[in-house]
Each structure stands twice: as structure tokens, then as C-alpha cells.
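Novice: Structure: query.csv, CSV, C-alpha atoms.
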chain,number,residue,atom,x,y,z
A,1,MET,CA,58.1,3.5,-53.1
A,2,THR,CA,59.8,4.4,-49.8
A,3,GLU,CA,60.9,1.8,-47.2
A,4,LEU,CA,58.0,2.9,-44.9
A,5,GLU,CA,55.4,2.5,-47.7
A,6,ARG,CA,56.8,-1.0,-48.5
A,7,VAL,CA,56.4,-2.0,-44.8
A,8,LEU,CA,52.9,-0.5,-44.5
A,9,ASP,CA,51.8,-2.4,-47.6
A,10,ASP,CA,53.3,-5.6,-46.2
A,11,LEU,CA,51.4,-5.1,-42.9
A,12,VAL,CA,48.1,-5.4,-44.8
A,13,ALA,CA,49.1,-8.4,-47.0
A,14,ALA,CA,46.8,-10.5,-44.7
A,15,ALA,CA,43.7,-8.4,-45.4
A,16,PRO,CA,41.0,-10.6,-46.8
A,17,ALA,CA,40.1,-10.0,-50.5
A,18,THR,CA,36.4,-10.1,-49.3
A,19,ARG,CA,34.1,-7.7,-51.0
A,20,SER,CA,32.0,-5.4,-48.8
A,21,SER,CA,28.7,-6.8,-47.6
A,22,TRP,CA,26.1,-4.3,-46.5
A,23,ASN,CA,23.6,-7.1,-46.0
A,24,ASP,CA,25.9,-8.6,-43.3
A,25,VAL,CA,26.1,-5.2,-41.6
A,26,VAL,CA,22.3,-4.9,-41.5
A,27,ALA,CA,22.0,-8.5,-40.2
A,28,ARG,CA,24.5,-7.7,-37.4
A,29,ALA,CA,22.7,-4.5,-36.6
A,30,ARG,CA,19.5,-6.6,-36.0
A,31,ARG,CA,21.1,-9.4,-34.0
A,32,PRO,CA,22.4,-7.6,-30.9
A,33,ARG,CA,19.1,-5.8,-30.5
A,34,ARG,CA,17.5,-9.2,-29.5
A,35,ARG,CA,20.3,-9.8,-27.1
A,36,ARG,CA,19.9,-6.4,-25.6
A,37,LEU,CA,16.2,-7.0,-25.1
A,38,ALA,CA,17.0,-10.3,-23.3
A,39,ALA,CA,19.6,-8.5,-21.2
A,40,ALA,CA,17.1,-5.7,-20.4
A,41,ALA,CA,14.6,-8.3,-19.3
A,42,ALA,CA,17.2,-10.1,-17.1
A,43,ILE,CA,18.1,-6.8,-15.5
A,44,ALA,CA,14.5,-5.9,-14.9
A,45,ALA,CA,14.0,-9.3,-13.3
A,46,LEU,CA,17.0,-8.8,-11.1
A,47,ILE,CA,15.8,-5.4,-10.0
A,48,ALA,CA,12.4,-6.9,-9.2
A,49,LEU,CA,14.2,-9.5,-7.1
A,50,LEU,CA,16.3,-6.9,-5.3
A,51,VAL,CA,13.2,-5.0,-4.4
A,52,ALA,CA,11.1,-7.9,-3.5
A,53,VAL,CA,13.5,-9.9,-1.3
A,54,PRO,CA,14.9,-8.1,1.7
A,55,PRO,CA,18.1,-10.1,2.1
A,56,PHE,CA,19.1,-9.2,-1.4
A,57,SER,CA,18.5,-5.5,-1.0
A,58,LEU,CA,21.3,-3.0,-1.3
A,59,GLY,CA,22.8,-2.9,2.1
A,60,SER,CA,25.7,-1.8,4.2
A,61,ARG,CA,28.2,-3.9,2.1
A,62,LEU,CA,28.0,-1.2,-0.6
A,63,HIS,CA,29.4,1.4,1.7
A,64,GLY,CA,32.6,-0.5,2.5
A,65,LEU,CA,33.5,-0.4,-1.2
A,66,PHE,CA,33.1,3.3,-1.5
A,67,THR,CA,35.7,4.4,1.1
A,68,GLY,CA,38.4,5.0,-1.5
A,69,THR,CA,39.7,8.2,-2.8
A,70,PRO,CA,37.7,10.2,-5.4
A,71,VAL,CA,39.4,10.2,-8.8
A,72,ASP,CA,39.8,13.5,-10.6
A,73,ALA,CA,38.6,13.4,-14.2
A,74,LYS,CA,41.9,15.0,-15.2
A,75,ARG,CA,43.7,11.7,-14.4
A,76,LEU,CA,41.7,9.9,-17.0
A,77,SER,CA,42.9,9.5,-20.6
A,78,PRO,CA,40.3,10.3,-23.3
A,79,LEU,CA,39.8,6.6,-23.7
A,80,ASP,CA,39.3,6.0,-20.0
A,81,LEU,CA,36.9,8.9,-19.8
A,82,GLN,CA,34.9,7.7,-22.8
A,83,ARG,CA,34.6,4.1,-21.5
A,84,MET,CA,34.0,4.7,-17.8
A,85,SER,CA,31.5,7.5,-18.3
A,86,ALA,CA,29.6,5.6,-20.9
A,87,MET,CA,29.6,2.2,-19.1
A,88,SER,CA,28.7,3.6,-15.7
A,89,ALA,CA,25.8,5.5,-17.2
A,90,GLY,CA,24.6,2.4,-19.1
A,91,PHE,CA,25.5,3.6,-22.6
A,92,ASN,CA,27.4,1.8,-25.3
A,93,PRO,CA,31.1,2.8,-24.9
A,94,HIS,CA,31.5,2.7,-28.7
A,95,LEU,CA,29.3,5.7,-29.2
A,96,PRO,CA,30.8,9.1,-29.3
A,97,ALA,CA,29.7,11.6,-26.6
A,98,SER,CA,30.7,15.2,-26.0
A,99,LYS,CA,33.4,15.9,-23.3
A,100,GLN,CA,30.7,17.7,-21.3
A,101,GLU,CA,28.4,14.7,-21.4
A,102,GLN,CA,31.3,12.4,-20.4
A,103,LEU,CA,32.2,14.6,-17.4
A,104,THR,CA,28.6,14.8,-16.3
A,105,ARG,CA,28.2,11.0,-16.4
A,106,LEU,CA,31.5,10.5,-14.6
A,107,LYS,CA,30.5,12.8,-11.8
A,108,ALA,CA,27.3,10.9,-11.3
A,109,ALA,CA,29.3,7.7,-11.1
A,110,SER,CA,31.4,8.8,-8.1
A,111,LEU,CA,34.5,7.1,-9.4
A,112,ARG,CA,36.9,6.1,-6.6
A,113,GLN,CA,40.2,4.4,-6.3
A,114,ILE,CA,39.9,1.9,-3.5
A,115,ALA,CA,43.3,0.2,-3.5
A,116,THR,CA,46.8,0.1,-5.1
A,117,ARG,CA,48.7,-3.1,-4.8
A,118,ASP,CA,51.5,-4.9,-6.7
A,119,GLY,CA,51.6,-2.3,-9.3
A,120,ARG,CA,47.9,-2.5,-9.9
A,121,ALA,CA,45.2,0.2,-9.2
A,122,TYR,CA,41.6,-0.7,-8.4
A,123,PHE,CA,38.6,1.5,-9.0
A,124,VAL,CA,34.9,1.4,-8.4
A,125,ALA,CA,32.0,3.5,-9.7
A,126,LYS,CA,28.3,3.5,-9.2
A,127,TRP,CA,26.4,1.8,-12.1
A,128,GLN,CA,23.3,3.7,-13.0
A,129,ARG,CA,21.4,0.4,-13.4
A,130,GLY,CA,22.3,-0.5,-9.8
A,131,GLY,CA,25.4,-2.3,-8.5
A,132,LEU,CA,28.9,-1.3,-9.3
A,133,CYS,CA,31.3,-0.9,-12.2
A,134,THR,CA,34.9,-2.0,-11.3
A,135,ALA,CA,38.1,-1.2,-13.2
A,136,VAL,CA,41.6,-2.4,-12.8
A,137,GLY,CA,44.8,-1.1,-14.5
A,138,ASP,CA,48.6,-1.0,-14.3
A,139,VAL,CA,50.0,1.9,-12.3
A,140,GLY,CA,51.9,4.3,-14.4
A,141,LYS,CA,50.3,3.4,-17.8
A,142,PRO,CA,48.7,6.3,-19.8
A,143,ASP,CA,45.3,4.6,-19.5
A,144,LEU,CA,44.3,4.0,-15.9
A,145,PHE,CA,41.9,1.2,-16.8
A,146,GLY,CA,43.0,-2.0,-18.5
A,147,ALA,CA,39.6,-3.6,-18.0
A,148,ILE,CA,36.2,-2.3,-16.9
A,149,GLY,CA,33.2,-4.4,-15.9
A,150,CYS,CA,29.8,-3.6,-14.4
A,151,ALA,CA,27.6,-5.9,-12.4
A,152,ALA,CA,24.1,-5.2,-11.1
A,153,ASP,CA,24.3,-7.8,-8.3
A,154,PHE,CA,27.7,-6.7,-6.9
A,155,PRO,CA,28.0,-6.2,-4.0
A,156,SER,CA,24.3,-6.6,-3.0
A,157,SER,CA,24.1,-10.4,-3.6
A,158,ARG,CA,27.3,-11.4,-5.3
A,159,ARG,CA,30.3,-11.6,-2.9
A,160,VAL,CA,33.1,-11.6,-5.4
A,161,LEU,CA,33.7,-10.0,-8.7
A,162,ASP,CA,36.6,-12.0,-10.0
A,163,ASP,CA,39.0,-10.6,-12.6
A,164,THR,CA,41.5,-13.5,-12.6
A,165,VAL,CA,43.5,-13.9,-15.8
A,166,PHE,CA,44.2,-17.3,-17.2
A,167,HIS,CA,46.9,-18.1,-19.8
A,168,GLY,CA,45.4,-18.5,-23.2
A,169,GLY,CA,45.0,-22.2,-24.2
A,170,THR,CA,42.4,-24.9,-24.5
A,171,PRO,CA,39.7,-24.4,-21.8
A,172,GLY,CA,39.6,-27.3,-19.4
A,173,VAL,CA,43.1,-28.4,-20.4
A,174,ASP,CA,45.3,-25.4,-20.0
A,175,ASP,CA,43.6,-23.6,-17.1
A,176,HIS,CA,46.7,-22.1,-15.6
A,177,VAL,CA,46.4,-18.8,-13.7
A,178,TRP,CA,48.5,-15.9,-14.8
A,179,ARG,CA,47.2,-13.4,-12.2
A,180,LEU,CA,44.7,-14.0,-9.4
A,181,GLU,CA,42.8,-10.8,-8.9
A,182,GLY,CA,39.4,-9.4,-8.1
A,183,PHE,CA,37.1,-7.4,-5.8
A,184,ALA,CA,35.3,-8.9,-2.8
A,185,VAL,CA,32.8,-7.7,-0.2
A,186,ASP,CA,33.8,-7.1,3.4
A,187,ALA,CA,32.8,-10.6,4.6
A,188,VAL,CA,35.4,-12.3,2.4
A,189,GLU,CA,38.6,-12.8,4.3
A,190,LYS,CA,40.7,-14.7,1.7
A,191,VAL,CA,40.7,-16.3,-1.7
A,192,GLY,CA,42.5,-19.4,-3.0
A,193,LEU,CA,42.9,-21.6,-6.0
A,194,VAL,CA,41.9,-25.3,-6.0
A,195,THR,CA,44.2,-27.3,-8.2
A,196,ALA,CA,43.5,-30.4,-10.3
A,197,SER,CA,44.9,-32.6,-7.5
A,198,GLY,CA,42.5,-31.0,-5.0
A,199,ARG,CA,45.1,-28.8,-3.2
A,200,LEU,CA,44.2,-25.3,-2.0
A,201,GLU,CA,47.1,-23.0,-3.2
A,202,ALA,CA,47.9,-19.4,-3.5
A,203,VAL,CA,45.7,-18.4,-0.6
A,204,THR,CA,45.6,-14.6,-0.8
A,205,PRO,CA,44.1,-12.2,1.8
A,206,VAL,CA,41.5,-9.7,0.8
A,207,GLN,CA,42.5,-6.2,1.8
A,208,ASP,CA,40.5,-3.0,1.0
A,209,ASN,CA,38.0,-5.3,-0.8
A,210,VAL,CA,40.7,-6.3,-3.3
A,211,TYR,CA,42.9,-9.4,-3.8
A,212,VAL,CA,45.8,-9.9,-6.1
A,213,ARG,CA,48.6,-12.3,-6.6
A,214,THR,CA,51.1,-12.8,-9.4
A,215,LYS,CA,53.7,-14.9,-7.7
A,216,GLY,CA,53.4,-18.3,-6.0
A,217,LEU,CA,50.6,-19.4,-8.3
A,218,PRO,CA,50.1,-23.1,-9.0
A,219,SER,CA,52.0,-24.7,-11.9
A,220,GLU,CA,49.3,-27.2,-12.0
A,221,ARG,CA,45.9,-26.8,-13.8
A,222,VAL,CA,43.3,-25.0,-11.7
A,223,LEU,CA,39.8,-26.3,-11.1
A,224,GLY,CA,38.4,-23.2,-9.5
A,225,ILE,CA,38.7,-20.2,-7.3
A,226,ILE,CA,37.2,-20.2,-3.8
A,227,ALA,CA,36.5,-17.4,-1.3
A,228,PHE,CA,36.4,-17.9,2.5
A,229,ASP,CA,35.0,-15.9,5.4
A,230,ALA,CA,36.9,-15.4,8.7
A,231,ASN,CA,35.6,-18.7,9.9
A,232,GLY,CA,36.9,-20.7,6.9
A,233,ARG,CA,33.4,-21.0,5.4
A,234,ALA,CA,33.3,-21.0,1.6
A,235,LEU,CA,31.3,-17.9,0.5
A,236,TRP,CA,31.8,-18.0,-3.2
A,237,CYS,CA,33.3,-20.2,-5.9
A,238,GLY,CA,34.3,-19.4,-9.4
A,239,TRP,CA,35.7,-20.6,-12.7
A,240,ARG,CA,34.6,-24.0,-13.8
A,241,MET,CA,33.1,-25.6,-10.7
A,242,LYS,CA,30.6,-25.0,-8.0
A,243,CYS,CA,31.6,-24.8,-4.3
A,244,GLY,CA,30.3,-28.3,-3.6
A,245,MET,CA,32.5,-29.9,-6.3
A,246,LEU,CA,35.6,-27.8,-5.3
A,247,LEU,CA,35.2,-28.7,-1.6
A,248,ARG,CA,34.7,-32.4,-2.5
A,249,ALA,CA,37.9,-32.3,-4.6
A,250,MET,CA,39.8,-30.7,-1.7
A,251,LYS,CA,38.4,-33.3,0.8
A,252,SER,CA,39.3,-36.3,-1.4
A,253,ALA,CA,42.9,-35.0,-1.7
A,254,ARG,CA,43.4,-35.1,2.0
B,1,MET,CA,16.7,20.0,-42.3
B,2,ASN,CA,17.5,17.3,-39.7
B,3,THR,CA,20.0,18.5,-37.1
B,4,LYS,CA,20.4,15.1,-35.5
B,5,GLY,CA,20.9,11.6,-36.8
B,6,ALA,CA,22.3,10.1,-39.9
B,7,GLY,CA,20.3,8.3,-42.6
B,8,PRO,CA,21.0,4.6,-43.2
B,9,GLY,CA,21.6,5.5,-46.8
B,10,GLU,CA,24.4,7.9,-45.9
B,11,ILE,CA,26.1,5.3,-43.7
B,12,GLU,CA,25.7,2.7,-46.4
B,13,SER,CA,27.2,5.0,-49.0
B,14,ILE,CA,30.3,5.7,-46.9
B,15,TYR,CA,30.6,1.9,-46.2
B,16,ARG,CA,30.5,1.0,-49.9
B,17,GLU,CA,32.9,3.8,-50.9
B,18,ARG,CA,35.4,3.4,-48.0
B,19,PHE,CA,35.2,-0.3,-47.1
B,20,ARG,CA,38.7,-1.1,-48.3
B,21,ALA,CA,40.2,1.8,-46.3
B,22,PHE,CA,38.5,0.7,-43.1
B,23,LEU,CA,39.5,-2.9,-43.7
B,24,LEU,CA,43.2,-2.1,-44.4
B,25,SER,CA,43.5,0.2,-41.4
B,26,MET,CA,42.0,-2.3,-39.0
B,27,THR,CA,44.1,-5.2,-40.5
B,28,ALA,CA,47.2,-3.2,-39.8
B,29,LEU,CA,46.0,-2.3,-36.3
B,30,LEU,CA,44.9,-5.8,-35.3
B,31,GLY,CA,47.4,-7.8,-37.3
B,32,ASP,CA,44.7,-10.2,-38.4
B,33,GLY,CA,42.6,-9.8,-41.5
B,34,GLU,CA,39.6,-11.9,-40.4
B,35,ALA,CA,39.4,-10.0,-37.1
B,36,ALA,CA,39.6,-6.7,-38.9
B,37,LEU,CA,36.7,-7.7,-41.2
B,38,ASP,CA,34.7,-8.6,-38.2
B,39,VAL,CA,35.5,-5.3,-36.5
B,40,VAL,CA,34.5,-3.3,-39.6
B,41,GLN,CA,31.2,-5.1,-39.9
B,42,ASP,CA,30.4,-4.9,-36.2
B,43,GLY,CA,31.4,-1.2,-36.1
B,44,PHE,CA,29.1,-0.3,-39.0
B,45,ALA,CA,26.3,-2.4,-37.4
B,46,ILE,CA,26.7,-0.4,-34.2
B,47,ALA,CA,26.7,2.8,-36.2
B,48,LEU,CA,23.5,1.7,-38.0
B,49,ARG,CA,21.8,1.0,-34.8
B,50,SER,CA,22.9,4.2,-33.2
B,51,ARG,CA,22.6,6.5,-36.1
B,52,GLY,CA,20.1,8.7,-34.2
B,53,SER,CA,22.9,9.8,-31.8
B,54,PHE,CA,25.0,11.3,-34.6
B,55,ARG,CA,25.1,15.1,-34.4
B,56,ARG,CA,25.1,16.8,-37.7
B,57,GLU,CA,27.6,19.4,-36.7
B,58,GLY,CA,30.3,16.7,-36.9
B,59,ASN,CA,31.6,14.8,-39.9
B,60,LEU,CA,29.8,11.5,-40.5
B,61,GLU,CA,32.8,9.6,-41.8
B,62,ALA,CA,34.9,10.7,-38.8
B,63,TRP,CA,32.0,9.5,-36.5
B,64,LEU,CA,32.0,6.1,-38.3
B,65,TRP,CA,35.8,5.9,-38.0
B,66,ARG,CA,35.5,6.5,-34.3
B,67,ILE,CA,33.0,3.8,-33.8
B,68,VAL,CA,35.1,1.3,-35.8
B,69,VAL,CA,38.3,2.3,-34.0
B,70,ASN,CA,36.6,1.9,-30.6
B,71,THR,CA,35.3,-1.5,-31.6
B,72,ALA,CA,38.9,-2.5,-32.6
B,73,PHE,CA,40.3,-1.2,-29.3
B,74,ASP,CA,37.8,-3.3,-27.5
B,75,ARG,CA,38.9,-6.3,-29.4
B,76,LEU,CA,42.5,-5.6,-28.6
B,77,ARG,CA,41.8,-5.2,-24.9
B,78,ALA,CA,39.7,-8.4,-24.8
B,79,ARG,CA,42.5,-10.2,-26.5
B,80,SER,CA,45.1,-8.9,-24.0
B,81,ARG,CA,42.9,-9.9,-21.2
B,82,ILE,CA,42.6,-13.5,-22.3
B,83,SER,CA,46.3,-13.8,-23.1
B,84,PRO,CA,48.3,-11.2,-21.3
B,85,MET,CA,51.7,-12.7,-22.4
B,86,PRO,CA,52.8,-11.1,-25.7
B,87,GLU,CA,52.2,-13.6,-28.4
B,88,ARG,CA,55.3,-14.1,-30.5
B,89,ALA,CA,55.1,-16.4,-33.4
B,90,ALA,CA,58.1,-18.7,-34.0
B,91,GLU,CA,59.3,-16.8,-37.0
B,92,ASP,CA,62.7,-16.2,-38.6
B,93,PRO,CA,64.8,-13.8,-36.7
B,94,VAL,CA,64.8,-10.2,-37.9
B,95,THR,CA,67.2,-10.0,-40.8
B,96,ASP,CA,66.7,-6.9,-42.8
B,97,SER,CA,65.8,-3.3,-42.4
B,98,ASP,CA,62.2,-3.8,-43.6
B,99,ASP,CA,61.7,-6.2,-40.7
B,100,GLU,CA,63.4,-3.8,-38.3
B,101,LEU,CA,61.2,-1.0,-39.5
B,102,LYS,CA,58.1,-3.2,-39.1
B,103,GLU,CA,59.0,-4.0,-35.6
B,104,SER,CA,59.6,-0.3,-34.8
B,105,LEU,CA,56.2,0.6,-36.3
B,106,LEU,CA,54.4,-2.1,-34.3
B,107,ALA,CA,56.3,-0.9,-31.2
B,108,LEU,CA,54.8,2.6,-31.5
B,109,PRO,CA,52.2,3.6,-28.9
B,110,GLU,CA,48.8,2.4,-30.0
B,111,ARG,CA,47.4,5.9,-30.9
B,112,GLN,CA,50.6,7.0,-32.7
B,113,ARG,CA,50.5,3.8,-34.7
B,114,LEU,CA,46.8,4.2,-35.5
B,115,ALA,CA,47.3,7.8,-36.6
B,116,VAL,CA,50.0,6.6,-39.1
B,117,PHE,CA,47.6,3.9,-40.4
B,118,LEU,CA,44.6,6.3,-40.8
B,119,ARG,CA,46.8,8.7,-42.6
B,120,TYR,CA,48.3,6.2,-45.0
B,121,TYR,CA,45.6,3.6,-45.7
B,122,ALA,CA,42.5,5.9,-45.4
B,123,ASP,CA,44.1,9.2,-46.4
B,124,LEU,CA,42.3,11.0,-43.6
B,125,SER,CA,43.0,14.6,-42.8
B,126,TYR,CA,44.5,15.6,-39.5
B,127,GLY,CA,41.0,16.9,-38.5
B,128,GLN,CA,39.3,13.6,-39.4
B,129,ILE,CA,42.0,11.6,-37.6
B,130,ALA,CA,41.5,13.8,-34.6
B,131,GLU,CA,37.7,13.2,-34.6
B,132,ALA,CA,38.2,9.5,-35.1
B,133,LEU,CA,40.6,9.2,-32.2
B,134,GLY,CA,38.8,11.7,-30.0
B,135,VAL,CA,41.8,14.0,-29.6
B,136,SER,CA,42.7,17.5,-30.9
B,137,PRO,CA,44.3,18.0,-34.4
B,138,GLY,CA,47.4,19.3,-32.6
B,139,THR,CA,47.7,15.9,-30.8
B,140,VAL,CA,47.4,14.2,-34.1
B,141,ALA,CA,50.2,16.3,-35.6
B,142,ALA,CA,52.4,15.7,-32.6
B,143,SER,CA,51.7,11.9,-32.7
B,144,LEU,CA,52.6,11.7,-36.4
B,145,HIS,CA,55.7,13.8,-35.9
B,146,ALA,CA,56.8,11.6,-33.0
B,147,ALA,CA,56.1,8.5,-35.0
B,148,ARG,CA,58.1,9.7,-38.0
B,149,ASN,CA,61.0,10.7,-35.7
B,150,ALA,CA,61.0,7.3,-34.0
B,151,LEU,CA,61.0,5.5,-37.3
B,152,ARG,CA,63.6,7.7,-38.9
B,153,GLN,CA,65.9,7.2,-35.9
B,154,ARG,CA,65.4,3.4,-36.2
B,155,LEU,CA,66.2,3.5,-39.9
B,156,GLN,CA,69.4,5.4,-39.2
B,157,GLU,CA,70.4,2.8,-36.6
B,158,VAL,CA,69.8,0.0,-39.1
B,159,ALA,CA,71.8,1.8,-41.8
B,160,ARG,CA,74.9,2.2,-39.5
Starting from the file, lay out its structure as C-alpha cells.
Specialist:
Amino acid sequence: MTELERVLDDLVAAAPATRSSWNDVVARARRPRRRRLAAAAAIAALIALLVAVPPFSLGSRLHGLFTGTPVDAKRLSPLDLQRMSAMSAGFNPHLPASKQEQLTRLKAASLRQIATRDGRAYFVAKWQRGGLCTAVGDVGKPDLFGAIGCAADFPSSRRVLDDTVFHGGTPGVDDHVWRLEGFAVDAVEKVGLVTASGRLEAVTPVQDNVYVRTKGLPSERVLGIIAFDANGRALWCGWRMKCGMLLRAMKSAR
Amino acid sequence: MNTKGAGPGEIESIYRERFRAFLLSMTALLGDGEAALDVVQDGFAIALRSRGSFRREGNLEAWLWRIVVNTAFDRLRARSRISPMPERAAEDPVTDSDDELKESLLALPERQRLAVFLRYYADLSYGQIAEALGVSPGTVAASLHAARNALRQRLQEVAR
């Protein structure tokens, strides 16, 4: 046995001795179908709401997010292309598709890069189900997209699509921010973090519909993220608390 | 004859026959046996649900590998999103060449590493690995060559 074979065998020493279970596969295959039906019902309800209620209809805020630079498909790695083309078209990204299918889907999605800041690149694409798919990645990596997400209600009714990364740990105990980051509609001027002691810290301007901060983040536990308009009015709050609770925490700290 | 779709029996047959190869490859990739088992089961569940989209001009086993590999990549990405800092267990310092080699192997780019695993644990051909990873057979050959070179160089450094 060569040294490499010994190491490769060692790598799988932790593999469970479990026997295969086809029944489990069949059960899993049935389970998500119910979730998908629920998700489809939720999306249908959301679409109905968007159509029925004028203030929620797709409006001018959408255009501001599409002023970036179109992204050539050649810039995308095979994994990027597979994921973005599938997700923007509403397909499961795990399923194989031909290159031609992927390129057709990507073209329909109008993928654009809207900002580059602090070594991070920000992308948006049209989601076939309405709303946008957003993606973020490190500049200079072989894969452009580190994470892709799609939301039917952004930017029509949701003002912020937050992608903030927290350190791993016990939720509610170790809520420390590693990177404050996300997408916001034109009306959002700045975003900040509310700490456990009620202080507003790491206030970060939104530029080109994007915010990011990796330095000057609170060492203290974070209660939530809050987004303000130009007049200092809270437009959106995220993480564990609603705006009212975050504002009350800030007020009581004064 | 059907030109599209795979039968559940065909998928089940590959699952039963190749379960261990899938499990070992995913354990090596994820570094976690339980997560690997979950990925294999989920991957086959996705394949079972989507069997209608399989095109018969391709190889069914390679199609299944691709789905399981994509499921594993998703798991890796979700994990790095939750905890972006590299997780390092408080283990003994590297002491011998096996440990050095293991570190080098794990430091290979994701796809090179996976090509090594698919070749070793699953005994897949270059063509099957290419289909599983969604790249050309030439890219697989280049990846395996680069991986071997990187490991050989590291072994020589350790031996000095």
C-alpha cells in the first residue's frame, strides 16, 4: 500500500458502518414534495398579493438595481453557470442541464454586476418567479458566486436582502457579526447593528444598492440589523428582533 | 424504448450496488461521515424525484454522481456561510509524513480533490468523473495530473 493510499483510507475512517437504506431514500423523496407544494402555494399567494395591492406592485425601485454591468457567461465557472441559470429559472440547481439550456436560462435572467467593494462583487439577476436573485462572491476566486439567493418580494416590497454572516456558535448567545453585508433598495441610506447594550454601531452607508463592512464591527453580541432612510427613519430590521424592539433597546440605552 | 427518464428500479439498483463508493467519496469530501450519509441519501432522493429529466444518451451512474456531488457542494457552501472562519480542531501538531500528505491532499482545490476521491474510492473512469463534475475528460486528466504533482512535490519536501 502506498503512502497516498494509506492517507486516503485514513480519510474515510469516519465513514459510518451504516448499511444502505433505500426506504429512507424513498421517504426523503416524498418529504420535500410536500414542502415544495407549500412553497408553491406561498409564492402563488404572494403573486396574488402583488397583483391585487397597488403599493406592492413591481415599481420603479426595480430599475435602480439593474443599472449594473451585464456579466458575460464566459466569466462564470461551470458551477456558477449551473447554479445561477437553474436558480434564476426556478429549477433545482442539483439537476444537470445541458450547456445550451444553461446559457439560454442565464440570458433570460439578465445577470448584472451592480457593485464591487472591499474585495467582494455583487450581482443581481431576474428571477423567473418575480423578484430578484442576488449573488455575492470574493473577487478573484475561480467561482464568482459564494452564495446565491432568490426572493420574490425583493425589491418590490422588501427593502433589504441581508446576507450578513455571523460567527458560528449558539444562536442567541454568540451572535457576533463577522461580515455585515447585503442588498438594499434606493430608499435605504444606511444600515447599522444594534448591540446587546442598545448601542447603534457599525453604521454603514448603502452605495449602489449594496452595503458591506468587515472592520469596526461590534465585539459585543448583536441583537439585530436596522436600515434607515435619509431622514433617519427605520425602514427595515433583521436578525432576531423587530424594529419596535430594536428601537426600544436603543432608546433605553440613551 | 424510452429516450428520456430513468426507472426507479435502475436508480435503486445503482444505489444498492454503489452505496459504499458514494458514502466513502462524500465522507472524504466533507470530512464528516454523518453529513456524508445525509448527502448521499438526499442526493438519491432528489434523483428519484427528478428521474424524468434524465436523458438516456448520458450515463445514469454519472448523472447520479453529479446530483450527489452537487448536493455535497451545497452542504459545503452552506457550512462556509455559517462559519466562514476555517474550523481547526485542537489536534496534535503535524508530526509525520502521513499527516503532511493528508494536509496537502485537503489543501488541493475542491475539484482536484474530488477528482482524486472519485478515482480512488469509486473507481470511476475519466469520462464518468468528467460527467459527474460537469467538465471535460481533458480537464479531469489535467486535474488529476496537477493533484499528483502537488502531492509528489510535498512528499519530496517531507523526505528532505
Novice: Taking 4 positions as the minimum chain separation for residues in the same chain, which residues sit within 8 Å of A:Ala109 when counting all atoms listed in the file? Answer as a PDB file with C-alpha atoms, keeping the file's coordinate frame.
Specialist:
ATOM      1  CA  SER A  85      31.500   7.500 -18.300  1.00  0.00           C
ATOM      2  CA  SER A  88      28.700   3.600 -15.700  1.00  0.00           C
ATOM      3  CA  ALA A  89      25.800   5.500 -17.200  1.00  0.00           C
ATOM      4  CA  ARG A 105      28.200  11.000 -16.400  1.00  0.00           C
ATOM      5  CA  ALA A 125      32.000   3.500  -9.700  1.00  0.00           C
ATOM      6  CA  LYS A 126      28.300   3.500  -9.200  1.00  0.00           C
ATOM      7  CA  TRP A 127      26.400   1.800 -12.100  1.00  0.00           C
ATOM      8  CA  GLN A 128      23.300   3.700 -13.000  1.00  0.00           C
TER       9      GLN A 128
END
Novice: Kindly give the distance, in Å, that separates atom CA of A:Gln113 and atom CA of A:His94, rounded to a single decimal.
Specialist: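 One can read the atom CA of A:Gln113 to atom CA of A:His94 distance as 24.1 Å.
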Novice: Give me, as a PyMOL selection string, the contact residues of chain B against chain A at a cut-off of 6 Å, counting only C-alpha atoms.
Specialist: chain B and resi 24+27-28+33+41+45+49+67+70+82-83
Novice: I'd like to know which of B:Leu37, B:Ala142, B:Ala147, B:Ala62 is closest to B:Phe117, using all atoms listed in the file.
Specialist: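 Nearest to B:Phe117: B:Ala147.
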Novice: State, in Å with one decimal place, the distance from atom CA of A:Thr104 to atom CA of B:Glu61.
Specialist: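 Here the two named atoms are 26.4 Å from each other.
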Novice: Between atom CA of A:Gly192 and atom CA of A:Ile226, what distance in Å does the model show, to one decimal?
Specialist: 5.4 Å
Novice: For a quick check of understanding, using all atoms listed in the file, which of A:Lys242, A:Arg199, A:Arg248, A:Arg117 has the smallest distance to A:Glu220?
Specialist: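 Counting all atoms listed in the file, the residue closest to A:Glu220 is A:Arg199.
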Novice: Choose the residue, out of B:Ile11, B:Ala6, B:Ala72, B:Ala21, that has the smallest atom-to-atom separation from B:Arg55; count only C-alpha atoms.
Specialist: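 Closest to B:Arg55 of all the choices is B:Ala6.
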